[in-house]
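**Q** Attaching a single structure in structure tokens format; questions to follow.
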Amino acid sequence: MLPRPLRLSAQRDFARVFRKGVSVSTPYFFVRLLPSSLSNPRIGVVVSNKISKKATIRNRIKRRLRAASYEERGRITSPTDIVIISKPSIVTASYEQIHSQVIRAFSQPSTSSSKRS
């Protein structure tokens, strides 16, 4: 589980990242990134009803995304607000596949730089 200081939870923060953030796409999810003035990166996860009507499946996906993000938070070298938006293909993905895509997304230049392109 992500500790509270690493969570992006306020609706206005999600809206700001969606509006101004840079997008990175993977086969299983999109990542929106926006540099912040805080001392640490914050991560939020979105799994809509379009992914699955079953809450248990949506919650499993969120847990996997949060766990992989927590493990790879060290790859983010600057304070950044991150929103991960799942795609329907994530339902059949294993944790290892999700984890490898989180590594790929967090290794993008936009997560390593505090400048917005």
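In the structure tokens, each chain is lettered A, B, ... as it comes, each chain's residues begin at 1, and ligands are numbered from 1 in order of appearance.
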Which residues are near range 43-58 of chain A? Cut-off 12 Å, only C-alpha atoms, ignore same chain within fewer than 5 positions. Put them as a VMD selection string.
**A** chain A and resid 1 to 11 13 to 15 17 to 18 28 to 36 63 to 70 72 to 73 76 79 to 93 102 106
**Q** Identify which of the residues A:Asn40, A:Ser78, A:Asn59, A:Thr26 lies closest to Gln101 in chain A, counting only C-alpha atoms when measuring atom-to-atom distances.
**A**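 Distance minimum relative to Gln101 in chain A lands on A:Thr26.
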**Q** Show me, as a list in words, the residues that have an atom within 8 Å of Ile103 in chain A when counting only C-alpha atoms, minus same-chain residues fewer than 4 positions from it.
**A**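 These residues fall inside the cut-off: Glu72, Arg75, His99 and Ser107 of chain A.
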**Q** In Å, rounded to a single decimal, give me how far CA of Pro27 in chain A is from CA of Ile61 in chain A.
**A**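 About the pair CA of Ile61 in chain A and CA of Pro27 in chain A: they are 14.3 Å apart.
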**Q** Apply DSSP to the structure's backbone, then extract all residues of range 12-79 of chain A labelled helix (DSSP H, G or I) and return them as a short mmCIF file (atom, residue, chain, number, x, y, z; two decimals) with C-alpha atoms, in the first residue's frame.
**A**
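Saved result, part37.cif, follows:
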```
data_model
loop_
_atom_site.label_atom_id
_atom_site.label_comp_id
_atom_site.auth_asym_id
_atom_site.auth_seq_id
_atom_site.Cartn_x
_atom_site.Cartn_y
_atom_site.Cartn_z
CA ARG A 12 -8.54 18.97 -7.85
CA ASP A 13 -5.06 17.37 -7.99
CA PHE A 14 -6.29 14.69 -10.41
CA ALA A 15 -7.95 17.39 -12.55
CA ARG A 16 -4.74 19.47 -12.62
CA VAL A 17 -2.65 16.48 -13.73
CA PHE A 18 -5.21 15.56 -16.43
CA ARG A 19 -5.33 19.16 -17.68
CA LYS A 20 -1.63 20.05 -17.67
CA ALA A 55 -15.46 -4.20 -8.12
CA THR A 56 -13.23 -7.11 -7.11
CA ILE A 57 -11.49 -7.04 -10.49
CA ARG A 58 -11.12 -3.25 -10.46
CA ASN A 59 -9.71 -3.36 -6.93
CA ARG A 60 -7.24 -6.11 -7.86
CA ILE A 61 -6.00 -3.99 -10.75
CA LYS A 62 -5.62 -0.95 -8.48
CA ARG A 63 -3.70 -2.99 -5.89
CA ARG A 64 -1.33 -4.31 -8.56
CA LEU A 65 -0.73 -0.86 -10.04
CA ARG A 66 -0.13 0.69 -6.61
CA ALA A 67 2.24 -2.10 -5.57
CA ALA A 68 4.29 -1.86 -8.77
CA SER A 69 4.36 1.96 -8.48
CA TYR A 70 5.50 1.78 -4.86
CA GLU A 71 8.31 -0.63 -5.74
CA ARG A 73 9.08 5.01 -6.98
CA GLY A 74 12.89 5.33 -6.81
CA ARG A 75 12.99 5.71 -10.61
#
```
**Q** Mind pulling up the distance from CA of Arg42 in chain A to CA of Thr77 in chain A?
**A**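 Separating CA of Thr77 in chain A from CA of Arg42 in chain A is a distance of 12.1 Å.
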**Q** List every residue of chain A that DSSP, applied to the backbone, labels as strand (DSSP E or B), and write the result as a tab-separated table (two decimals) with C-alpha atoms, in the first residue's frame.
**A**
```tsv
chain	number	residue	atom	x	y	z
A	7	ARG	CA	-0.89	9.21	-2.62
A	22	VAL	CA	2.37	14.99	-20.10
A	23	SER	CA	1.13	11.58	-21.25
A	24	VAL	CA	3.04	8.30	-21.57
A	25	SER	CA	1.29	5.25	-23.03
A	29	PHE	CA	-2.31	1.90	-19.05
A	30	PHE	CA	-1.69	5.59	-19.68
A	31	VAL	CA	0.41	7.65	-17.32
A	32	ARG	CA	-0.11	11.39	-16.90
A	33	LEU	CA	2.84	13.22	-15.31
A	34	LEU	CA	3.08	16.73	-13.93
A	35	PRO	CA	6.04	18.18	-12.01
A	42	ARG	CA	2.54	11.35	-5.54
A	43	ILE	CA	0.69	8.59	-7.38
A	44	GLY	CA	-3.02	8.18	-8.15
A	45	VAL	CA	-4.70	5.24	-9.91
A	46	VAL	CA	-7.88	5.30	-12.03
A	80	THR	CA	6.00	14.61	-9.77
A	81	ASP	CA	2.27	14.03	-9.56
A	82	ILE	CA	1.42	10.85	-11.46
A	83	VAL	CA	-1.97	9.50	-12.51
A	84	ILE	CA	-2.16	5.97	-13.91
A	85	ILE	CA	-5.26	5.33	-16.05
A	86	SER	CA	-5.86	1.68	-16.86
```
